[in-house]
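Engineer: Structure supplied as final21.txt; contents: compact mmCIF, N, CA and C atoms.
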```txt
# COMPACT_ATOMS: atom_id res chain seq x y z
N MET U 9 169.40 212.21 26.22
CA MET U 9 169.14 213.64 26.11
C MET U 9 170.23 214.26 25.23
N ILE U 10 169.80 215.26 24.47
CA ILE U 10 170.74 215.98 23.61
C ILE U 10 170.51 217.48 23.80
N LYS U 11 171.61 218.23 23.84
CA LYS U 11 171.54 219.67 24.04
C LYS U 11 171.92 220.36 22.74
N TYR U 12 171.10 221.35 22.36
CA TYR U 12 171.40 222.16 21.19
C TYR U 12 171.50 223.63 21.60
N ASN U 13 172.39 224.34 20.92
CA ASN U 13 172.37 225.79 20.96
C ASN U 13 171.41 226.19 19.85
N LEU U 14 170.42 227.00 20.19
CA LEU U 14 169.41 227.42 19.22
C LEU U 14 169.44 228.93 19.08
N LYS U 15 168.92 229.42 17.96
CA LYS U 15 168.92 230.85 17.70
C LYS U 15 167.58 231.21 17.07
N CYS U 16 166.99 232.32 17.56
CA CYS U 16 165.73 232.79 16.98
C CYS U 16 166.03 233.82 15.89
N ASP U 17 164.97 234.28 15.25
CA ASP U 17 165.14 235.24 14.16
C ASP U 17 165.58 236.63 14.65
N LEU U 18 165.59 236.85 15.97
CA LEU U 18 166.12 238.10 16.52
C LEU U 18 167.56 237.90 17.03
N ASN U 19 168.16 236.77 16.65
CA ASN U 19 169.54 236.41 16.99
C ASN U 19 169.78 236.17 18.47
N HIS U 20 168.74 235.83 19.24
CA HIS U 20 168.94 235.40 20.62
C HIS U 20 169.42 233.95 20.58
N VAL U 21 170.51 233.67 21.25
CA VAL U 21 171.03 232.30 21.30
C VAL U 21 170.73 231.74 22.68
N PHE U 22 170.22 230.51 22.70
CA PHE U 22 169.88 229.86 23.97
C PHE U 22 170.06 228.36 23.82
N GLU U 23 170.11 227.68 24.96
CA GLU U 23 170.28 226.23 24.96
C GLU U 23 168.94 225.56 25.19
N ALA U 24 168.77 224.38 24.62
CA ALA U 24 167.57 223.60 24.88
C ALA U 24 167.94 222.12 24.83
N TRP U 25 167.29 221.35 25.64
CA TRP U 25 167.53 219.91 25.73
C TRP U 25 166.35 219.16 25.11
N PHE U 26 166.65 218.07 24.44
CA PHE U 26 165.62 217.25 23.81
C PHE U 26 165.93 215.78 24.06
N LYS U 27 164.89 214.99 23.98
CA LYS U 27 165.04 213.54 24.18
C LYS U 27 166.03 212.97 23.16
N ASN U 28 165.92 213.42 21.92
CA ASN U 28 166.84 213.01 20.85
C ASN U 28 166.69 214.02 19.71
N SER U 29 167.47 213.85 18.65
CA SER U 29 167.45 214.84 17.57
C SER U 29 166.11 214.87 16.85
N SER U 30 165.45 213.73 16.73
CA SER U 30 164.15 213.73 16.05
C SER U 30 163.09 214.44 16.90
N ALA U 31 163.23 214.42 18.24
CA ALA U 31 162.30 215.14 19.10
C ALA U 31 162.41 216.64 18.83
N TYR U 32 163.65 217.13 18.66
CA TYR U 32 163.83 218.55 18.32
C TYR U 32 163.14 218.85 16.99
N ASP U 33 163.42 218.03 15.98
CA ASP U 33 162.86 218.27 14.64
C ASP U 33 161.33 218.32 14.69
N GLU U 34 160.72 217.35 15.38
CA GLU U 34 159.26 217.29 15.46
C GLU U 34 158.70 218.52 16.19
N GLN U 35 159.30 218.87 17.33
CA GLN U 35 158.81 220.00 18.11
C GLN U 35 158.98 221.32 17.36
N ASN U 36 160.11 221.47 16.68
CA ASN U 36 160.35 222.71 15.94
C ASN U 36 159.37 222.85 14.77
N GLU U 37 159.10 221.74 14.08
CA GLU U 37 158.14 221.78 12.97
C GLU U 37 156.75 222.17 13.44
N LYS U 38 156.37 221.77 14.66
CA LYS U 38 155.06 222.09 15.21
C LYS U 38 155.01 223.48 15.84
N GLY U 39 156.16 224.17 15.89
CA GLY U 39 156.21 225.51 16.48
C GLY U 39 156.20 225.50 18.00
N ILE U 40 156.57 224.37 18.59
CA ILE U 40 156.59 224.24 20.05
C ILE U 40 157.87 224.85 20.62
N VAL U 41 158.95 224.79 19.88
CA VAL U 41 160.23 225.33 20.35
C VAL U 41 160.17 226.85 20.23
N SER U 42 160.44 227.54 21.35
CA SER U 42 160.38 229.00 21.31
C SER U 42 161.57 229.60 22.04
N CYS U 43 161.91 230.79 21.64
CA CYS U 43 163.02 231.52 22.24
C CYS U 43 162.69 231.85 23.70
N SER U 44 163.61 231.57 24.58
CA SER U 44 163.38 231.83 26.00
C SER U 44 163.43 233.32 26.33
N LEU U 45 163.90 234.15 25.41
CA LEU U 45 163.99 235.58 25.65
C LEU U 45 162.82 236.36 25.05
N CYS U 46 162.41 236.01 23.83
CA CYS U 46 161.37 236.81 23.17
C CYS U 46 160.13 236.01 22.79
N GLY U 47 160.21 234.68 22.89
CA GLY U 47 159.05 233.86 22.57
C GLY U 47 158.92 233.50 21.10
N SER U 48 159.83 233.95 20.27
CA SER U 48 159.77 233.65 18.84
C SER U 48 159.80 232.14 18.62
N THR U 49 159.04 231.66 17.64
CA THR U 49 159.06 230.24 17.29
C THR U 49 159.79 230.01 15.97
N ASN U 50 160.44 231.04 15.45
CA ASN U 50 161.25 230.92 14.24
C ASN U 50 162.67 230.57 14.70
N ILE U 51 162.94 229.28 14.88
CA ILE U 51 164.15 228.80 15.54
C ILE U 51 164.99 227.96 14.59
N VAL U 52 166.31 228.15 14.66
CA VAL U 52 167.27 227.31 13.93
C VAL U 52 168.37 226.88 14.90
N LYS U 53 169.06 225.83 14.54
CA LYS U 53 170.20 225.39 15.35
C LYS U 53 171.34 226.38 15.15
N ALA U 54 171.96 226.80 16.24
CA ALA U 54 173.10 227.70 16.18
C ALA U 54 174.38 226.86 16.16
N PRO U 55 175.46 227.39 15.60
CA PRO U 55 176.72 226.65 15.62
C PRO U 55 177.14 226.38 17.07
N MET U 56 177.68 225.20 17.27
CA MET U 56 178.15 224.82 18.61
C MET U 56 179.65 224.52 18.51
N ALA U 57 180.38 224.95 19.50
CA ALA U 57 181.81 224.65 19.55
C ALA U 57 181.99 223.24 20.10
N PRO U 58 182.77 222.43 19.43
CA PRO U 58 183.00 221.08 19.96
C PRO U 58 183.90 221.15 21.20
N SER U 59 183.80 220.14 22.01
CA SER U 59 184.66 220.06 23.19
C SER U 59 186.01 219.49 22.76
N ILE U 60 187.03 220.33 22.75
CA ILE U 60 188.35 219.91 22.28
C ILE U 60 189.34 220.05 23.44
N PRO U 61 190.08 218.97 23.73
CA PRO U 61 191.06 219.07 24.81
C PRO U 61 192.16 220.06 24.45
N LYS U 62 192.84 220.61 25.49
CA LYS U 62 193.89 221.61 25.26
C LYS U 62 195.07 221.04 24.48
N LYS U 63 195.45 219.83 24.78
CA LYS U 63 196.54 219.20 24.05
C LYS U 63 196.03 217.92 23.41
N GLY U 64 196.60 217.57 22.29
CA GLY U 64 196.15 216.40 21.55
C GLY U 64 196.28 215.09 22.32
N ASN U 65 197.15 215.05 23.34
CA ASN U 65 197.34 213.81 24.06
C ASN U 65 196.48 213.70 25.32
N ARG U 66 195.55 214.64 25.51
CA ARG U 66 194.68 214.60 26.69
C ARG U 66 193.24 214.34 26.26
N LYS U 67 192.55 213.64 27.09
CA LYS U 67 191.14 213.40 26.84
C LYS U 67 190.34 214.59 27.35
N ALA U 68 189.24 214.86 26.67
CA ALA U 68 188.33 215.90 27.15
C ALA U 68 187.71 215.41 28.46
N PRO U 69 187.51 216.30 29.40
CA PRO U 69 186.90 215.86 30.66
C PRO U 69 185.50 215.32 30.39
N GLU U 70 185.21 214.21 31.04
CA GLU U 70 183.90 213.59 30.86
C GLU U 70 182.87 214.31 31.72
N VAL U 71 181.75 214.60 31.12
CA VAL U 71 180.67 215.23 31.85
C VAL U 71 179.65 214.14 32.17
N SER U 72 179.25 214.10 33.39
CA SER U 72 178.31 213.09 33.81
C SER U 72 176.96 213.31 33.13
N THR U 73 176.57 212.36 32.28
CA THR U 73 175.26 212.48 31.64
C THR U 73 174.16 212.32 32.68
N GLN U 74 174.43 211.59 33.74
CA GLN U 74 173.43 211.46 34.80
C GLN U 74 173.21 212.82 35.47
N LYS U 75 174.32 213.54 35.74
CA LYS U 75 174.20 214.86 36.36
C LYS U 75 173.45 215.81 35.42
N GLN U 76 173.77 215.78 34.13
CA GLN U 76 173.08 216.62 33.17
C GLN U 76 171.59 216.28 33.14
N SER U 77 171.27 215.00 33.16
CA SER U 77 169.87 214.58 33.14
C SER U 77 169.14 215.05 34.39
N GLU U 78 169.82 214.97 35.54
CA GLU U 78 169.21 215.41 36.80
C GLU U 78 168.96 216.92 36.77
N GLU U 79 169.95 217.68 36.27
CA GLU U 79 169.79 219.13 36.18
C GLU U 79 168.67 219.50 35.22
N MET U 80 168.59 218.77 34.12
CA MET U 80 167.54 219.03 33.15
C MET U 80 166.17 218.72 33.75
N ALA U 81 166.08 217.64 34.49
CA ALA U 81 164.81 217.28 35.14
C ALA U 81 164.38 218.36 36.12
N VAL U 82 165.33 218.92 36.87
CA VAL U 82 165.01 219.99 37.82
C VAL U 82 164.50 221.22 37.07
N ALA U 83 165.16 221.57 35.98
CA ALA U 83 164.75 222.74 35.19
C ALA U 83 163.37 222.53 34.58
N MET U 84 163.13 221.35 34.04
CA MET U 84 161.83 221.06 33.43
C MET U 84 160.73 221.10 34.49
N LYS U 85 161.02 220.57 35.67
CA LYS U 85 160.03 220.59 36.75
C LYS U 85 159.70 222.03 37.13
N ALA U 86 160.73 222.87 37.22
CA ALA U 86 160.51 224.28 37.58
C ALA U 86 159.66 224.98 36.53
N LEU U 87 159.91 224.72 35.25
CA LEU U 87 159.12 225.35 34.19
C LEU U 87 157.68 224.86 34.20
N ARG U 88 157.48 223.57 34.52
CA ARG U 88 156.10 223.06 34.62
C ARG U 88 155.38 223.66 35.82
N GLU U 89 156.11 223.85 36.93
CA GLU U 89 155.50 224.48 38.11
C GLU U 89 155.15 225.94 37.80
N LEU U 90 156.01 226.62 37.04
CA LEU U 90 155.72 227.99 36.63
C LEU U 90 154.44 228.03 35.81
N ARG U 91 154.31 227.11 34.87
CA ARG U 91 153.10 227.06 34.04
C ARG U 91 151.87 226.83 34.91
N LYS U 92 151.96 225.89 35.84
CA LYS U 92 150.83 225.61 36.72
C LYS U 92 150.44 226.86 37.52
N ASN U 93 151.44 227.56 38.04
CA ASN U 93 151.20 228.77 38.82
C ASN U 93 150.52 229.85 37.97
N VAL U 94 151.00 230.03 36.76
CA VAL U 94 150.41 231.03 35.87
C VAL U 94 148.97 230.65 35.55
N GLU U 95 148.74 229.38 35.22
CA GLU U 95 147.39 228.95 34.86
C GLU U 95 146.42 229.10 36.04
N GLU U 96 146.90 228.88 37.26
CA GLU U 96 146.04 228.97 38.43
C GLU U 96 145.78 230.42 38.87
N ASN U 97 146.72 231.33 38.59
CA ASN U 97 146.63 232.68 39.14
C ASN U 97 146.43 233.81 38.13
N CYS U 98 146.41 233.49 36.86
CA CYS U 98 146.28 234.52 35.84
C CYS U 98 145.13 234.17 34.89
N ASP U 99 144.63 235.18 34.20
CA ASP U 99 143.54 234.99 33.24
C ASP U 99 144.13 234.70 31.86
N TYR U 100 143.60 233.65 31.21
CA TYR U 100 144.02 233.32 29.86
C TYR U 100 143.23 234.20 28.88
N VAL U 101 143.94 234.98 28.08
CA VAL U 101 143.29 235.87 27.13
C VAL U 101 143.57 235.48 25.68
N GLY U 102 144.28 234.39 25.48
CA GLY U 102 144.54 233.86 24.14
C GLY U 102 145.23 234.85 23.24
N GLU U 103 144.71 234.96 22.02
CA GLU U 103 145.32 235.84 21.02
C GLU U 103 145.02 237.31 21.27
N ASN U 104 144.22 237.61 22.29
CA ASN U 104 143.92 239.00 22.65
C ASN U 104 144.94 239.55 23.66
N PHE U 105 146.06 238.87 23.82
CA PHE U 105 147.03 239.27 24.82
C PHE U 105 147.47 240.72 24.68
N ALA U 106 147.88 241.12 23.49
CA ALA U 106 148.40 242.48 23.29
C ALA U 106 147.33 243.52 23.64
N GLU U 107 146.11 243.30 23.17
CA GLU U 107 145.01 244.24 23.45
C GLU U 107 144.73 244.33 24.95
N GLU U 108 144.67 243.19 25.63
CA GLU U 108 144.39 243.17 27.07
C GLU U 108 145.54 243.80 27.86
N ALA U 109 146.78 243.51 27.45
CA ALA U 109 147.94 244.08 28.13
C ALA U 109 147.93 245.60 28.04
N ARG U 110 147.56 246.13 26.88
CA ARG U 110 147.46 247.59 26.72
C ARG U 110 146.37 248.16 27.61
N LYS U 111 145.20 247.52 27.64
CA LYS U 111 144.10 248.01 28.47
C LYS U 111 144.52 248.08 29.94
N ILE U 112 145.24 247.08 30.40
CA ILE U 112 145.71 247.07 31.79
C ILE U 112 146.74 248.18 31.98
N HIS U 113 147.68 248.28 31.05
CA HIS U 113 148.75 249.27 31.15
C HIS U 113 148.19 250.70 31.20
N TYR U 114 147.20 250.98 30.39
CA TYR U 114 146.65 252.34 30.31
C TYR U 114 145.48 252.56 31.27
N GLY U 115 145.22 251.58 32.16
CA GLY U 115 144.20 251.75 33.18
C GLY U 115 142.77 251.65 32.67
N GLU U 116 142.57 251.07 31.51
CA GLU U 116 141.23 250.94 30.93
C GLU U 116 140.47 249.75 31.52
N THR U 117 141.19 248.86 32.18
CA THR U 117 140.58 247.69 32.82
C THR U 117 141.38 247.38 34.07
N GLU U 118 140.80 246.52 34.92
CA GLU U 118 141.44 246.21 36.19
C GLU U 118 142.82 245.58 36.00
N GLU U 119 143.73 245.88 36.91
CA GLU U 119 145.06 245.31 36.86
C GLU U 119 144.99 243.86 37.34
N ARG U 120 145.53 242.96 36.54
CA ARG U 120 145.53 241.54 36.87
C ARG U 120 146.58 240.84 36.04
N GLY U 121 146.94 239.65 36.45
CA GLY U 121 147.87 238.84 35.67
C GLY U 121 147.15 238.19 34.51
N ILE U 122 147.76 238.26 33.34
CA ILE U 122 147.19 237.62 32.16
C ILE U 122 148.26 236.83 31.44
N TYR U 123 147.81 235.90 30.61
CA TYR U 123 148.74 235.19 29.73
C TYR U 123 148.00 234.82 28.45
N GLY U 124 148.78 234.65 27.39
CA GLY U 124 148.20 234.31 26.09
C GLY U 124 149.28 234.38 25.03
N GLN U 125 148.88 234.61 23.81
CA GLN U 125 149.83 234.65 22.70
C GLN U 125 149.87 236.05 22.09
N ALA U 126 151.07 236.40 21.62
CA ALA U 126 151.26 237.64 20.89
C ALA U 126 152.30 237.38 19.81
N THR U 127 152.12 238.01 18.68
CA THR U 127 153.10 237.87 17.61
C THR U 127 154.38 238.62 18.00
N LYS U 128 155.45 238.37 17.28
CA LYS U 128 156.71 239.09 17.54
C LYS U 128 156.51 240.59 17.38
N GLU U 129 155.73 240.97 16.37
CA GLU U 129 155.48 242.39 16.15
C GLU U 129 154.71 243.00 17.31
N GLU U 130 153.68 242.29 17.78
CA GLU U 130 152.90 242.78 18.92
C GLU U 130 153.77 242.89 20.17
N GLN U 131 154.63 241.90 20.39
CA GLN U 131 155.53 241.94 21.54
C GLN U 131 156.43 243.17 21.47
N GLN U 132 157.00 243.43 20.30
CA GLN U 132 157.90 244.56 20.13
C GLN U 132 157.16 245.88 20.36
N GLU U 133 155.95 245.98 19.84
CA GLU U 133 155.15 247.20 20.03
C GLU U 133 154.85 247.43 21.51
N LEU U 134 154.49 246.36 22.22
CA LEU U 134 154.20 246.48 23.66
C LEU U 134 155.44 246.98 24.41
N ILE U 135 156.58 246.42 24.09
CA ILE U 135 157.83 246.82 24.74
C ILE U 135 158.12 248.29 24.47
N GLU U 136 157.95 248.71 23.21
CA GLU U 136 158.18 250.11 22.84
C GLU U 136 157.22 251.06 23.55
N GLU U 137 156.02 250.59 23.87
CA GLU U 137 155.02 251.41 24.58
C GLU U 137 155.27 251.42 26.09
N GLY U 138 156.22 250.61 26.55
CA GLY U 138 156.51 250.55 27.97
C GLY U 138 155.67 249.55 28.74
N VAL U 139 154.96 248.69 28.03
CA VAL U 139 154.15 247.66 28.68
C VAL U 139 155.10 246.53 29.10
N GLU U 140 155.06 246.18 30.38
CA GLU U 140 155.94 245.12 30.88
C GLU U 140 155.35 243.76 30.53
N ILE U 141 156.12 243.01 29.72
CA ILE U 141 155.72 241.66 29.34
C ILE U 141 156.92 240.74 29.48
N ALA U 142 156.66 239.46 29.50
CA ALA U 142 157.73 238.48 29.53
C ALA U 142 157.31 237.28 28.71
N ALA U 143 158.20 236.80 27.87
CA ALA U 143 157.96 235.57 27.11
C ALA U 143 158.50 234.41 27.93
N VAL U 144 157.67 233.44 28.15
CA VAL U 144 158.04 232.30 28.99
C VAL U 144 157.96 231.03 28.14
N PRO U 145 158.99 230.16 28.23
CA PRO U 145 158.89 228.89 27.49
C PRO U 145 157.72 228.09 28.08
N TRP U 146 156.77 227.73 27.25
CA TRP U 146 155.55 227.09 27.70
C TRP U 146 155.65 225.60 27.43
N LEU U 147 156.10 224.86 28.43
CA LEU U 147 156.28 223.43 28.28
C LEU U 147 154.95 222.70 28.35
N SER U 148 154.92 221.59 27.66
CA SER U 148 153.76 220.71 27.74
C SER U 148 153.64 220.21 29.18
N ASN U 149 152.42 219.92 29.59
CA ASN U 149 152.23 219.35 30.92
C ASN U 149 152.65 217.90 31.00
N GLN U 150 153.03 217.33 29.87
CA GLN U 150 153.42 215.94 29.81
C GLN U 150 154.89 215.84 29.43
N ASP U 151 155.53 214.75 29.82
CA ASP U 151 156.92 214.51 29.42
C ASP U 151 156.93 214.22 27.94
N GLY U 152 157.97 214.78 27.24
CA GLY U 152 158.04 214.63 25.79
C GLY U 152 158.96 213.63 25.33
```
Here is the file; what I need is its structure written in the form of structure tokens.
Structural biologist:
Amino acid sequence: MIKYNLKCDLNHVFEAWFKNSSAYDEQNEKGIVSCSLCGSTNIVKAPMAPSIPKKGNRKAPEVSTQKQSEEMAVAMKALRELRKNVEENCDYVGENFAEEARKIHYGETEERGIYGQATKEEQQELIEEGVEIAAVPWLSNQDG
């Protein structure tokens, strides 16, 4: 597993774990990697500070890769459970997300949970209108 600091085009910095560096490259090219704060898929690697010991004669503390892997597995499981819950309890509206969210917000249609896709511009407009939305990292149902 490899951890990267990533940054979206709105300058949100977040961490993401990948099987290896080529897994990141492949997923980013396909637009699968998205910002955990705004959902943007325009992602680049952010600068990362190396782990440097305080004095030159000391070793950097070793971090258990097993512990990191276990923590990552727990996080991935939680995100997959979130996806399952959303899929089971909300209506998929696809690319009509912004339109449906507005209809619900303004009382033009019944209040219900929905999920789908919205562009960055649509997301920003919804937020400015006071429509409550959340961008959620949408993990594949399969291990990558």
Engineer: State, in Å with one decimal place, the distance from atom CA of Ile135 of chain U to atom CA of Thr117 of chain U.
Structural biologist: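 Distance reported for this atom pair: 19.1 Å.
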Engineer: Residues near segment 39-50 of chain U, anyone? I mean within 8 Å using all atoms listed in the file, not counting same-chain ones fewer than 2 positions away, as an MDAnalysis selection string.
Structural biologist: chainID U and resid 14:18 20:23 32:37 52:53 126:128 131 142:147
Engineer: May I ask for the distance between atom N of Tyr12 of chain U and atom C of Ile141 of chain U, given in Å to one decimal place?
Structural biologist: 25.1 Å
Engineer: Based on DSSP run over this structure's backbone, return all residues of segment 59-147 of chain U in helix (DSSP H, G or I), as a PyMOL selection string.
Structural biologist: chain U and resi 73-97+105-113+128-137
Engineer: Would you pick out the contacts of segment 76-91 of chain U at 8 Å or less, using all atoms listed in the file, so that residues sharing its chain but fewer than 5 positions from it are not included, and give the list as a list in words?
Structural biologist: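 Residues near the query, excluding close chain neighbours: Met9, Trp25, Val71, Glu96, Asn97, Pro145, Trp146, Leu147, Ser148 and Asn149 of chain U.
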Engineer: Looking only at strand (DSSP E) from DSSP on the backbone, list the matching residues of segment 45-142 of chain U as a PyMOL selection string.
Structural biologist: chain U and resi 51-53+99-102+122-124
Engineer: How many Å lie between atom CA of Lys27 of chain U and atom CA of Lys11 of chain U, rounded to one decimal?
Structural biologist: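 Rounded to one decimal, the two atoms are 8.9 Å apart.
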Engineer: Which is closer to Tyr123 of chain U than all the others in U:Ile51, U:Ile10, U:Val139, U:Val101, using only N, CA and C atoms?
Structural biologist: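 Checking each of U:Ile51, U:Ile10, U:Val139, U:Val101 against Tyr123 of chain U, counting only N, CA and C atoms, the winner is U:Val101.
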Engineer: Would you please work out which residue, of U:Leu134, U:Ile112, U:Ala54, U:Ile122, is nearest to Asp99 of chain U when using all atoms listed in the file?
Structural biologist: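 Looking at the shortest contact to Asp99 of chain U, the residue is U:Ile122.
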Engineer: Using only C-alpha atoms, pick whichever of U:Ser29, U:Gln125, U:Glu140, U:Cys98 has the shortest atom-to-atom distance to Arg110 of chain U.
Structural biologist: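 Nearest to Arg110 of chain U: U:Glu140.
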